[in-house]
Amino acid sequence: MQFGFVSAILAEKSFEEVIDFAAANGFSCVEMMCWPVGKAERRYAGVTHIDVDALTPAKSTALLDYAKAKGVVISSLGYYPNPLDPDLDKRRVYIQHLEKMSDAAALMGIDRITTFIGKDPAKTLDDNFNLFVEVWTPLIQRAEKMKVQVAIENCPMSFTMDQWPGGLNLATTPAIWRRMFAALPSPYFGLNYDPSHLVWQQMDYIRPIYEFKDRLFHVHFKDIKVYRDKLNDVGVLATPLEFMSPKLPGQGDVDWGKYVSALNDVRYNGPACIEVEDKAYEATAADCERALLTSRNYLNQFIY
């Protein structure tokens with residue numbers, strides 16, 4: 001596996017500084033955030049380490065040469081909006097940026113973008129699925145033409161009251177993934193698999209690795225801790241942050257030995273990136289760096 005991290009946690013660093021940190025601390029890859037330049041809409045969003053709106057062949061070459069000289073690979077270009085947003089003006093902006101992401105990935109020879117399917121929280125699952133087919137068919141066709149993989153993360157995005165209860169991402173369960181891949185069977189359409197989101201949904205996070213092994217384009221290392229006393233108090237229909245919390249790998253409920261073992265069983269050798277969303281490690285820039293190093297130290301026992 002290519003062992004790295006998601007660059008969002010190092011929001012204040014430049015592209016070069018992110019690459020320097022990765023190289024100095026034994027990481028072989030980075031999932032680079034490529035949000036449009038501007039104000040973040042939520043935590044860990046709005047981070048721009050590669051500005052695809054301003055990317056030129058010369059700039060692309062310079063970025064790639066810098067990373068190569070440091071021995072670091074860009075695992076993916078990351079951007080996580082809601083492409084099925086009911087606000088058509090917002091939806092148009094998100095879709096246009098996703099198109100630019102595919103163009104940038106092809107230009108840079110990275111050949112992978114990571115994102116969300118999106119969801120209209122006011123619509124039924126079936127209506128959202130029809131919307132998914134409408135919006136994503138041309139996006140996947142465009143990516144396939146350029147030989148760029150589209151890896152969808154399985155986060156429900158239902159954490160805050162403006163997202164709950166419907167959530168802002170359709171691609172959350174194996175049942176939905178099966179249906180999506182049947183509707184759009186392109187070999188360039190797959191998963192950015194994060195086990196933590198299945199944990200707090202009370203689901204098996206190991207079995208899908210075997211079923212969807214050919215759709216694993218990118219994986220995340222992020223943990224989650226479910227507080228059973230809180231869950232018993234508010235139930236699974238409460239907003240998730242009422243009974244769980246994102247944690248660093250090894251500090252939550254994911255069995256990382258079993259997780260990595262399953263990835264090894266299916267011969268997964270793609271990018272595996274630490275994603276930090278642990279509030280205990282974000283007070284300062286030094287905390288954010290410590291979060292990555294603490295996660296690296298714990299995960300090294302399974303990877304190396």
# chains A, B, ... in the order shown; residues from 1 in each chain; ligands from 1
>>> select_by_dssp(residues="region 7-144 of chain A", states="strand (DSSP E or B)", output="VMD selection string")
chain A and resid 29 to 34 48 73 to 78 112 to 115
>>> write_last_selection(atoms="N, CA, C and O atoms", output="PDB file, in the first residue's frame")
ATOM      1  N   CYS A  29       2.632   9.150   0.071  1.00  0.00           N
ATOM      2  CA  CYS A  29       1.636   9.786  -0.794  1.00  0.00           C
ATOM      3  C   CYS A  29       0.806  10.784   0.007  1.00  0.00           C
ATOM      4  O   CYS A  29       0.777  10.754   1.236  1.00  0.00           O
ATOM      5  N   VAL A  30       0.112  11.663  -0.722  1.00  0.00           N
ATOM      6  CA  VAL A  30      -0.792  12.644  -0.124  1.00  0.00           C
ATOM      7  C   VAL A  30      -2.014  12.789  -1.022  1.00  0.00           C
ATOM      8  O   VAL A  30      -1.890  12.922  -2.240  1.00  0.00           O
ATOM      9  N   GLU A  31      -3.207  12.758  -0.406  1.00  0.00           N
ATOM     10  CA  GLU A  31      -4.434  13.131  -1.111  1.00  0.00           C
ATOM     11  C   GLU A  31      -4.555  14.642  -0.997  1.00  0.00           C
ATOM     12  O   GLU A  31      -4.783  15.174   0.094  1.00  0.00           O
ATOM     13  N   MET A  32      -4.380  15.342  -2.114  1.00  0.00           N
ATOM     14  CA  MET A  32      -4.298  16.799  -2.107  1.00  0.00           C
ATOM     15  C   MET A  32      -5.675  17.436  -2.292  1.00  0.00           C
ATOM     16  O   MET A  32      -6.394  17.147  -3.247  1.00  0.00           O
ATOM     17  N   MET A  33      -6.012  18.332  -1.369  1.00  0.00           N
ATOM     18  CA  MET A  33      -7.287  19.021  -1.453  1.00  0.00           C
ATOM     19  C   MET A  33      -7.253  20.120  -2.512  1.00  0.00           C
ATOM     20  O   MET A  33      -6.286  20.870  -2.633  1.00  0.00           O
ATOM     21  N   CYS A  34      -8.348  20.193  -3.263  1.00  0.00           N
ATOM     22  CA  CYS A  34      -8.414  21.089  -4.415  1.00  0.00           C
ATOM     23  C   CYS A  34      -9.728  21.856  -4.458  1.00  0.00           C
ATOM     24  O   CYS A  34     -10.357  22.008  -5.514  1.00  0.00           O
ATOM     25  N   THR A  48      -7.284  24.436  -0.176  1.00  0.00           N
ATOM     26  CA  THR A  48      -6.784  24.428  -1.558  1.00  0.00           C
ATOM     27  C   THR A  48      -5.266  24.286  -1.559  1.00  0.00           C
ATOM     28  O   THR A  48      -4.544  25.259  -1.333  1.00  0.00           O
ATOM     29  N   VAL A  73       4.175  10.815  -3.811  1.00  0.00           N
ATOM     30  CA  VAL A  73       3.205  10.713  -4.900  1.00  0.00           C
ATOM     31  C   VAL A  73       1.915  11.407  -4.487  1.00  0.00           C
ATOM     32  O   VAL A  73       1.500  11.334  -3.324  1.00  0.00           O
ATOM     33  N   ILE A  74       1.265  12.085  -5.419  1.00  0.00           N
ATOM     34  CA  ILE A  74      -0.067  12.627  -5.173  1.00  0.00           C
ATOM     35  C   ILE A  74      -1.059  11.506  -5.465  1.00  0.00           C
ATOM     36  O   ILE A  74      -1.203  11.078  -6.612  1.00  0.00           O
ATOM     37  N   SER A  75      -1.722  11.006  -4.425  1.00  0.00           N
ATOM     38  CA  SER A  75      -2.590   9.836  -4.598  1.00  0.00           C
ATOM     39  C   SER A  75      -3.883  10.185  -5.300  1.00  0.00           C
ATOM     40  O   SER A  75      -4.463   9.352  -6.009  1.00  0.00           O
ATOM     41  N   SER A  76      -4.353  11.412  -5.103  1.00  0.00           N
ATOM     42  CA  SER A  76      -5.628  11.828  -5.674  1.00  0.00           C
ATOM     43  C   SER A  76      -5.780  13.324  -5.509  1.00  0.00           C
ATOM     44  O   SER A  76      -5.140  13.944  -4.649  1.00  0.00           O
ATOM     45  N   LEU A  77      -6.660  13.898  -6.326  1.00  0.00           N
ATOM     46  CA  LEU A  77      -7.113  15.263  -6.121  1.00  0.00           C
ATOM     47  C   LEU A  77      -8.459  15.185  -5.411  1.00  0.00           C
ATOM     48  O   LEU A  77      -9.388  14.541  -5.903  1.00  0.00           O
ATOM     49  N   GLY A  78      -8.579  15.824  -4.250  1.00  0.00           N
ATOM     50  CA  GLY A  78      -9.772  15.693  -3.421  1.00  0.00           C
ATOM     51  C   GLY A  78     -10.642  16.933  -3.398  1.00  0.00           C
ATOM     52  O   GLY A  78     -10.147  18.063  -3.300  1.00  0.00           O
ATOM     53  N   ARG A 112      -6.806  10.214 -10.788  1.00  0.00           N
ATOM     54  CA  ARG A 112      -7.792   9.851  -9.762  1.00  0.00           C
ATOM     55  C   ARG A 112      -8.285  11.118  -9.067  1.00  0.00           C
ATOM     56  O   ARG A 112      -7.490  11.986  -8.700  1.00  0.00           O
ATOM     57  N   ILE A 113      -9.616  11.199  -8.876  1.00  0.00           N
ATOM     58  CA  ILE A 113     -10.190  12.225  -8.022  1.00  0.00           C
ATOM     59  C   ILE A 113     -11.030  11.538  -6.943  1.00  0.00           C
ATOM     60  O   ILE A 113     -11.557  10.440  -7.159  1.00  0.00           O
ATOM     61  N   THR A 114     -11.130  12.177  -5.784  1.00  0.00           N
ATOM     62  CA  THR A 114     -11.902  11.646  -4.667  1.00  0.00           C
ATOM     63  C   THR A 114     -12.955  12.673  -4.275  1.00  0.00           C
ATOM     64  O   THR A 114     -12.652  13.870  -4.151  1.00  0.00           O
ATOM     65  N   THR A 115     -14.205  12.190  -4.046  1.00  0.00           N
ATOM     66  CA  THR A 115     -15.297  13.128  -3.858  1.00  0.00           C
ATOM     67  C   THR A 115     -16.508  12.436  -3.247  1.00  0.00           C
ATOM     68  O   THR A 115     -16.435  11.278  -2.815  1.00  0.00           O
TER      69      THR A 115
END
>>> closest_atom_pairs(of="region 152-177 of chain A", to="region 234-256 of chain A", cutoff="9 Å", atoms="only C-alpha atoms", output="JSON lines")
{"residue": "A:Ser158", "atom": "CA", "partner": "A:Thr239", "partner_atom": "CA", "distance": 7.0}
{"residue": "A:Phe159", "atom": "CA", "partner": "A:Pro240", "partner_atom": "CA", "distance": 5.6}
{"residue": "A:Thr160", "atom": "CA", "partner": "A:Thr239", "partner_atom": "CA", "distance": 6.8}
{"residue": "A:Met161", "atom": "CA", "partner": "A:Thr239", "partner_atom": "CA", "distance": 7.4}
{"residue": "A:Trp164", "atom": "CA", "partner": "A:Thr239", "partner_atom": "CA", "distance": 6.5}
{"residue": "A:Pro165", "atom": "CA", "partner": "A:Thr239", "partner_atom": "CA", "distance": 7.3}
>>> residues_around(residues="region 211-220 of chain A", least_positions_apart="4", cutoff="7 Å", atoms="only C-alpha atoms", output="MDAnalysis selection string")
chainID A and resid 151 190:194 207 266 270:275
>>> write_last_selection(atoms="N, CA, C and O atoms", output="compact mmCIF listing (two decimals), in the first residue's frame")
# COMPACT_ATOMS: atom_id res chain seq x y z
N ALA A 151 -13.31 8.17 -7.29
CA ALA A 151 -13.43 7.37 -6.06
C ALA A 151 -14.34 8.09 -5.08
O ALA A 151 -14.03 9.20 -4.63
N GLY A 190 -15.57 4.08 -8.71
CA GLY A 190 -15.33 3.19 -7.58
C GLY A 190 -15.43 3.92 -6.25
O GLY A 190 -16.08 4.96 -6.13
N LEU A 191 -14.76 3.37 -5.25
CA LEU A 191 -14.89 3.83 -3.87
C LEU A 191 -13.60 4.42 -3.30
O LEU A 191 -12.51 3.97 -3.63
N ASN A 192 -13.78 5.41 -2.46
CA ASN A 192 -12.74 5.86 -1.52
C ASN A 192 -13.23 5.36 -0.17
O ASN A 192 -14.03 6.03 0.51
N TYR A 193 -12.81 4.19 0.23
CA TYR A 193 -13.45 3.43 1.32
C TYR A 193 -12.98 3.87 2.69
O TYR A 193 -11.78 3.87 2.98
N ASP A 194 -13.95 4.26 3.54
CA ASP A 194 -13.66 4.70 4.90
C ASP A 194 -14.45 3.82 5.86
O ASP A 194 -15.68 3.90 5.91
N ARG A 207 -16.60 -7.04 5.59
CA ARG A 207 -17.17 -7.81 4.48
C ARG A 207 -17.19 -7.05 3.16
O ARG A 207 -16.86 -7.62 2.11
N VAL A 266 -7.33 -9.08 -0.35
CA VAL A 266 -7.81 -8.78 -1.71
C VAL A 266 -6.72 -8.16 -2.56
O VAL A 266 -6.97 -7.70 -3.67
N GLY A 270 -3.18 0.05 -3.42
CA GLY A 270 -3.34 1.46 -3.78
C GLY A 270 -3.07 2.39 -2.61
O GLY A 270 -2.50 2.00 -1.58
N PRO A 271 -3.51 3.65 -2.73
CA PRO A 271 -3.28 4.64 -1.67
C PRO A 271 -4.11 4.35 -0.42
O PRO A 271 -5.29 3.98 -0.51
N ALA A 272 -3.50 4.53 0.74
CA ALA A 272 -4.17 4.39 2.03
C ALA A 272 -3.80 5.63 2.84
O ALA A 272 -2.66 5.76 3.28
N CYS A 273 -4.76 6.54 3.03
CA CYS A 273 -4.45 7.86 3.58
C CYS A 273 -5.13 8.11 4.91
O CYS A 273 -6.35 7.95 5.05
N ILE A 274 -4.34 8.54 5.89
CA ILE A 274 -4.86 8.94 7.19
C ILE A 274 -5.72 10.20 7.00
O ILE A 274 -5.30 11.16 6.37
N GLU A 275 -6.93 10.16 7.54
CA GLU A 275 -7.79 11.35 7.54
C GLU A 275 -8.01 11.75 9.00
O GLU A 275 -8.55 10.98 9.79
>>> closest_residue(among="A:Glu99, A:Asp20, A:Asp127, A:Asp120", to="Ala143 (chain A)", atoms="only C-alpha atoms")
A:Glu99
>>> residues_around(residues="region 166-174 of chain A", least_positions_apart="4", cutoff="6 Å", atoms="only C-alpha atoms", output="JSON, numbers by chain")
{"A": [117, 118, 119, 121, 154, 156, 157, 158]}
>>> write_last_selection(atoms="N, CA and C atoms", output="mmCIF file, in the first residue's frame")
data_model
loop_
_atom_site.group_PDB
_atom_site.id
_atom_site.type_symbol
_atom_site.label_atom_id
_atom_site.label_comp_id
_atom_site.auth_asym_id
_atom_site.auth_seq_id
_atom_site.Cartn_x
_atom_site.Cartn_y
_atom_site.Cartn_z
ATOM 1 N N ILE A 117 -20.849 11.637 -3.945
ATOM 2 C CA ILE A 117 -21.931 11.624 -4.929
ATOM 3 C C ILE A 117 -22.855 12.811 -4.706
ATOM 4 N N GLY A 118 -23.095 13.137 -3.428
ATOM 5 C CA GLY A 118 -24.046 14.181 -3.094
ATOM 6 C C GLY A 118 -25.438 13.602 -2.853
ATOM 7 N N LYS A 119 -26.357 14.464 -2.422
ATOM 8 C CA LYS A 119 -27.720 14.020 -2.152
ATOM 9 C C LYS A 119 -28.624 15.235 -1.929
ATOM 10 N N PRO A 121 -31.382 16.080 0.415
ATOM 11 C CA PRO A 121 -31.906 15.472 1.640
ATOM 12 C C PRO A 121 -33.424 15.461 1.731
ATOM 13 N N ASN A 154 -17.722 7.111 1.340
ATOM 14 C CA ASN A 154 -19.001 6.615 1.833
ATOM 15 C C ASN A 154 -19.504 7.322 3.089
ATOM 16 N N PRO A 156 -21.962 9.559 5.179
ATOM 17 C CA PRO A 156 -23.355 9.997 5.015
ATOM 18 C C PRO A 156 -23.564 11.510 5.047
ATOM 19 N N MET A 157 -22.621 12.249 5.626
ATOM 20 C CA MET A 157 -22.738 13.707 5.729
ATOM 21 C C MET A 157 -24.078 14.121 6.349
ATOM 22 N N SER A 158 -24.308 13.600 7.553
ATOM 23 C CA SER A 158 -25.552 13.928 8.266
ATOM 24 C C SER A 158 -25.248 14.370 9.695
#
>>> atom_distance(atom1="CA of Leu263 (chain A)", atom2="CA of Trp35 (chain A)")
29.2 Å
>>> select_by_dssp(residues="region 22-233 of chain A", states="alpha helix (DSSP H)", output="ChimeraX atom specification")
/A:22-24,57-69,88-108,125-145,174-183,196-200,207-211,228-233
>>> decode(residues="region 153-168 of chain A", atoms="all heavy atoms", output="PDB file, in the first residue's frame")
ATOM      1  N   GLU A 153     -16.255   8.636  -1.574  1.00  0.00           N
ATOM      2  CA  GLU A 153     -16.222   8.303  -0.148  1.00  0.00           C
ATOM      3  C   GLU A 153     -17.632   8.003   0.353  1.00  0.00           C
ATOM      4  O   GLU A 153     -18.613   8.608  -0.113  1.00  0.00           O
ATOM      5  CB  GLU A 153     -15.600   9.430   0.681  1.00  0.00           C
ATOM      6  CG  GLU A 153     -15.398   9.006   2.133  1.00  0.00           C
ATOM      7  CD  GLU A 153     -14.822  10.087   3.020  1.00  0.00           C
ATOM      8  OE1 GLU A 153     -14.355  11.113   2.499  1.00  0.00           O
ATOM      9  OE2 GLU A 153     -14.850   9.897   4.252  1.00  0.00           O
ATOM     10  N   ASN A 154     -17.722   7.111   1.340  1.00  0.00           N
ATOM     11  CA  ASN A 154     -19.001   6.615   1.833  1.00  0.00           C
ATOM     12  C   ASN A 154     -19.504   7.322   3.089  1.00  0.00           C
ATOM     13  O   ASN A 154     -20.221   6.738   3.898  1.00  0.00           O
ATOM     14  CB  ASN A 154     -18.906   5.106   2.112  1.00  0.00           C
ATOM     15  CG  ASN A 154     -17.733   4.740   3.012  1.00  0.00           C
ATOM     16  OD1 ASN A 154     -16.572   4.902   2.627  1.00  0.00           O
ATOM     17  ND2 ASN A 154     -18.006   4.237   4.201  1.00  0.00           N
ATOM     18  N   CYS A 155     -19.160   8.582   3.264  1.00  0.00           N
ATOM     19  CA  CYS A 155     -19.611   9.355   4.426  1.00  0.00           C
ATOM     20  C   CYS A 155     -21.052   9.821   4.221  1.00  0.00           C
ATOM     21  O   CYS A 155     -21.356  10.447   3.200  1.00  0.00           O
ATOM     22  CB  CYS A 155     -18.705  10.565   4.625  1.00  0.00           C
ATOM     23  SG  CYS A 155     -19.220  11.647   5.952  1.00  0.00           S
ATOM     24  N   PRO A 156     -21.962   9.559   5.179  1.00  0.00           N
ATOM     25  CA  PRO A 156     -23.355   9.997   5.015  1.00  0.00           C
ATOM     26  C   PRO A 156     -23.564  11.510   5.047  1.00  0.00           C
ATOM     27  O   PRO A 156     -24.591  12.004   4.581  1.00  0.00           O
ATOM     28  CB  PRO A 156     -24.074   9.339   6.205  1.00  0.00           C
ATOM     29  CG  PRO A 156     -23.236   8.154   6.550  1.00  0.00           C
ATOM     30  CD  PRO A 156     -21.818   8.625   6.317  1.00  0.00           C
ATOM     31  N   MET A 157     -22.621  12.249   5.626  1.00  0.00           N
ATOM     32  CA  MET A 157     -22.738  13.707   5.729  1.00  0.00           C
ATOM     33  C   MET A 157     -24.078  14.121   6.349  1.00  0.00           C
ATOM     34  O   MET A 157     -24.850  14.883   5.772  1.00  0.00           O
ATOM     35  CB  MET A 157     -22.549  14.353   4.355  1.00  0.00           C
ATOM     36  CG  MET A 157     -21.124  14.315   3.847  1.00  0.00           C
ATOM     37  SD  MET A 157     -19.941  15.094   4.979  1.00  0.00           S
ATOM     38  CE  MET A 157     -20.513  16.793   4.934  1.00  0.00           C
ATOM     39  N   SER A 158     -24.308  13.600   7.553  1.00  0.00           N
ATOM     40  CA  SER A 158     -25.552  13.928   8.266  1.00  0.00           C
ATOM     41  C   SER A 158     -25.248  14.370   9.695  1.00  0.00           C
ATOM     42  O   SER A 158     -26.000  14.077  10.619  1.00  0.00           O
ATOM     43  CB  SER A 158     -26.481  12.707   8.291  1.00  0.00           C
ATOM     44  OG  SER A 158     -25.852  11.600   8.929  1.00  0.00           O
ATOM     45  N   PHE A 159     -24.149  15.094   9.879  1.00  0.00           N
ATOM     46  CA  PHE A 159     -23.634  15.353  11.220  1.00  0.00           C
ATOM     47  C   PHE A 159     -24.254  16.559  11.907  1.00  0.00           C
ATOM     48  O   PHE A 159     -24.373  16.599  13.126  1.00  0.00           O
ATOM     49  CB  PHE A 159     -22.114  15.519  11.164  1.00  0.00           C
ATOM     50  CG  PHE A 159     -21.421  14.320  10.584  1.00  0.00           C
ATOM     51  CD1 PHE A 159     -20.757  14.390   9.376  1.00  0.00           C
ATOM     52  CD2 PHE A 159     -21.453  13.105  11.241  1.00  0.00           C
ATOM     53  CE1 PHE A 159     -20.123  13.281   8.843  1.00  0.00           C
ATOM     54  CE2 PHE A 159     -20.831  11.987  10.719  1.00  0.00           C
ATOM     55  CZ  PHE A 159     -20.165  12.081   9.506  1.00  0.00           C
ATOM     56  N   THR A 160     -24.627  17.570  11.150  1.00  0.00           N
ATOM     57  CA  THR A 160     -25.145  18.797  11.742  1.00  0.00           C
ATOM     58  C   THR A 160     -26.625  18.953  11.403  1.00  0.00           C
ATOM     59  O   THR A 160     -27.145  18.287  10.503  1.00  0.00           O
ATOM     60  CB  THR A 160     -24.357  20.016  11.235  1.00  0.00           C
ATOM     61  OG1 THR A 160     -24.397  20.052   9.796  1.00  0.00           O
ATOM     62  CG2 THR A 160     -22.899  19.937  11.670  1.00  0.00           C
ATOM     63  N   MET A 161     -27.305  19.847  12.109  1.00  0.00           N
ATOM     64  CA  MET A 161     -28.751  19.957  11.943  1.00  0.00           C
ATOM     65  C   MET A 161     -29.149  20.388  10.534  1.00  0.00           C
ATOM     66  O   MET A 161     -30.244  20.069  10.075  1.00  0.00           O
ATOM     67  CB  MET A 161     -29.318  20.943  12.971  1.00  0.00           C
ATOM     68  CG  MET A 161     -29.269  20.422  14.412  1.00  0.00           C
ATOM     69  SD  MET A 161     -30.049  18.785  14.640  1.00  0.00           S
ATOM     70  CE  MET A 161     -31.733  19.126  14.147  1.00  0.00           C
ATOM     71  N   ASP A 162     -28.269  21.103   9.824  1.00  0.00           N
ATOM     72  CA  ASP A 162     -28.598  21.488   8.455  1.00  0.00           C
ATOM     73  C   ASP A 162     -28.419  20.323   7.478  1.00  0.00           C
ATOM     74  O   ASP A 162     -28.860  20.410   6.325  1.00  0.00           O
ATOM     75  CB  ASP A 162     -27.752  22.685   8.008  1.00  0.00           C
ATOM     76  CG  ASP A 162     -26.259  22.395   8.053  1.00  0.00           C
ATOM     77  OD1 ASP A 162     -25.819  21.719   9.008  1.00  0.00           O
ATOM     78  OD2 ASP A 162     -25.536  22.835   7.147  1.00  0.00           O
ATOM     79  N   GLN A 163     -27.786  19.238   7.927  1.00  0.00           N
ATOM     80  CA  GLN A 163     -27.595  18.049   7.085  1.00  0.00           C
ATOM     81  C   GLN A 163     -28.542  16.908   7.477  1.00  0.00           C
ATOM     82  O   GLN A 163     -28.900  16.088   6.646  1.00  0.00           O
ATOM     83  CB  GLN A 163     -26.154  17.544   7.210  1.00  0.00           C
ATOM     84  CG  GLN A 163     -25.106  18.551   6.794  1.00  0.00           C
ATOM     85  CD  GLN A 163     -23.702  18.088   7.171  1.00  0.00           C
ATOM     86  OE1 GLN A 163     -23.516  17.166   7.972  1.00  0.00           O
ATOM     87  NE2 GLN A 163     -22.690  18.754   6.608  1.00  0.00           N
ATOM     88  N   TRP A 164     -28.925  16.880   8.738  1.00  0.00           N
ATOM     89  CA  TRP A 164     -29.710  15.792   9.308  1.00  0.00           C
ATOM     90  C   TRP A 164     -31.197  16.019   9.056  1.00  0.00           C
ATOM     91  O   TRP A 164     -31.646  17.166   9.042  1.00  0.00           O
ATOM     92  CB  TRP A 164     -29.417  15.747  10.817  1.00  0.00           C
ATOM     93  CG  TRP A 164     -30.049  14.628  11.577  1.00  0.00           C
ATOM     94  CD1 TRP A 164     -29.570  13.371  11.758  1.00  0.00           C
ATOM     95  CD2 TRP A 164     -31.287  14.684  12.282  1.00  0.00           C
ATOM     96  NE1 TRP A 164     -30.427  12.634  12.537  1.00  0.00           N
ATOM     97  CE2 TRP A 164     -31.504  13.420  12.863  1.00  0.00           C
ATOM     98  CE3 TRP A 164     -32.266  15.665  12.471  1.00  0.00           C
ATOM     99  CZ2 TRP A 164     -32.633  13.113  13.622  1.00  0.00           C
ATOM    100  CZ3 TRP A 164     -33.380  15.369  13.222  1.00  0.00           C
ATOM    101  CH2 TRP A 164     -33.553  14.099  13.784  1.00  0.00           C
ATOM    102  N   PRO A 165     -32.024  14.976   8.832  1.00  0.00           N
ATOM    103  CA  PRO A 165     -31.650  13.553   8.885  1.00  0.00           C
ATOM    104  C   PRO A 165     -31.273  12.943   7.540  1.00  0.00           C
ATOM    105  O   PRO A 165     -30.784  11.832   7.483  1.00  0.00           O
ATOM    106  CB  PRO A 165     -32.930  12.900   9.412  1.00  0.00           C
ATOM    107  CG  PRO A 165     -34.025  13.739   8.818  1.00  0.00           C
ATOM    108  CD  PRO A 165     -33.493  15.143   8.798  1.00  0.00           C
ATOM    109  N   GLY A 166     -31.543  13.647   6.442  1.00  0.00           N
ATOM    110  CA  GLY A 166     -31.356  13.022   5.129  1.00  0.00           C
ATOM    111  C   GLY A 166     -29.922  12.814   4.719  1.00  0.00           C
ATOM    112  O   GLY A 166     -29.594  11.876   3.999  1.00  0.00           O
ATOM    113  N   GLY A 167     -29.022  13.708   5.174  1.00  0.00           N
ATOM    114  CA  GLY A 167     -27.628  13.601   4.773  1.00  0.00           C
ATOM    115  C   GLY A 167     -27.392  14.171   3.392  1.00  0.00           C
ATOM    116  O   GLY A 167     -28.325  14.398   2.617  1.00  0.00           O
ATOM    117  N   LEU A 168     -26.115  14.396   3.078  1.00  0.00           N
ATOM    118  CA  LEU A 168     -25.747  15.048   1.824  1.00  0.00           C
ATOM    119  C   LEU A 168     -24.936  14.150   0.900  1.00  0.00           C
ATOM    120  O   LEU A 168     -24.291  14.639  -0.029  1.00  0.00           O
ATOM    121  CB  LEU A 168     -24.953  16.328   2.115  1.00  0.00           C
ATOM    122  CG  LEU A 168     -25.635  17.370   3.016  1.00  0.00           C
ATOM    123  CD1 LEU A 168     -24.762  18.601   3.156  1.00  0.00           C
ATOM    124  CD2 LEU A 168     -27.015  17.745   2.493  1.00  0.00           C
TER     125      LEU A 168
END
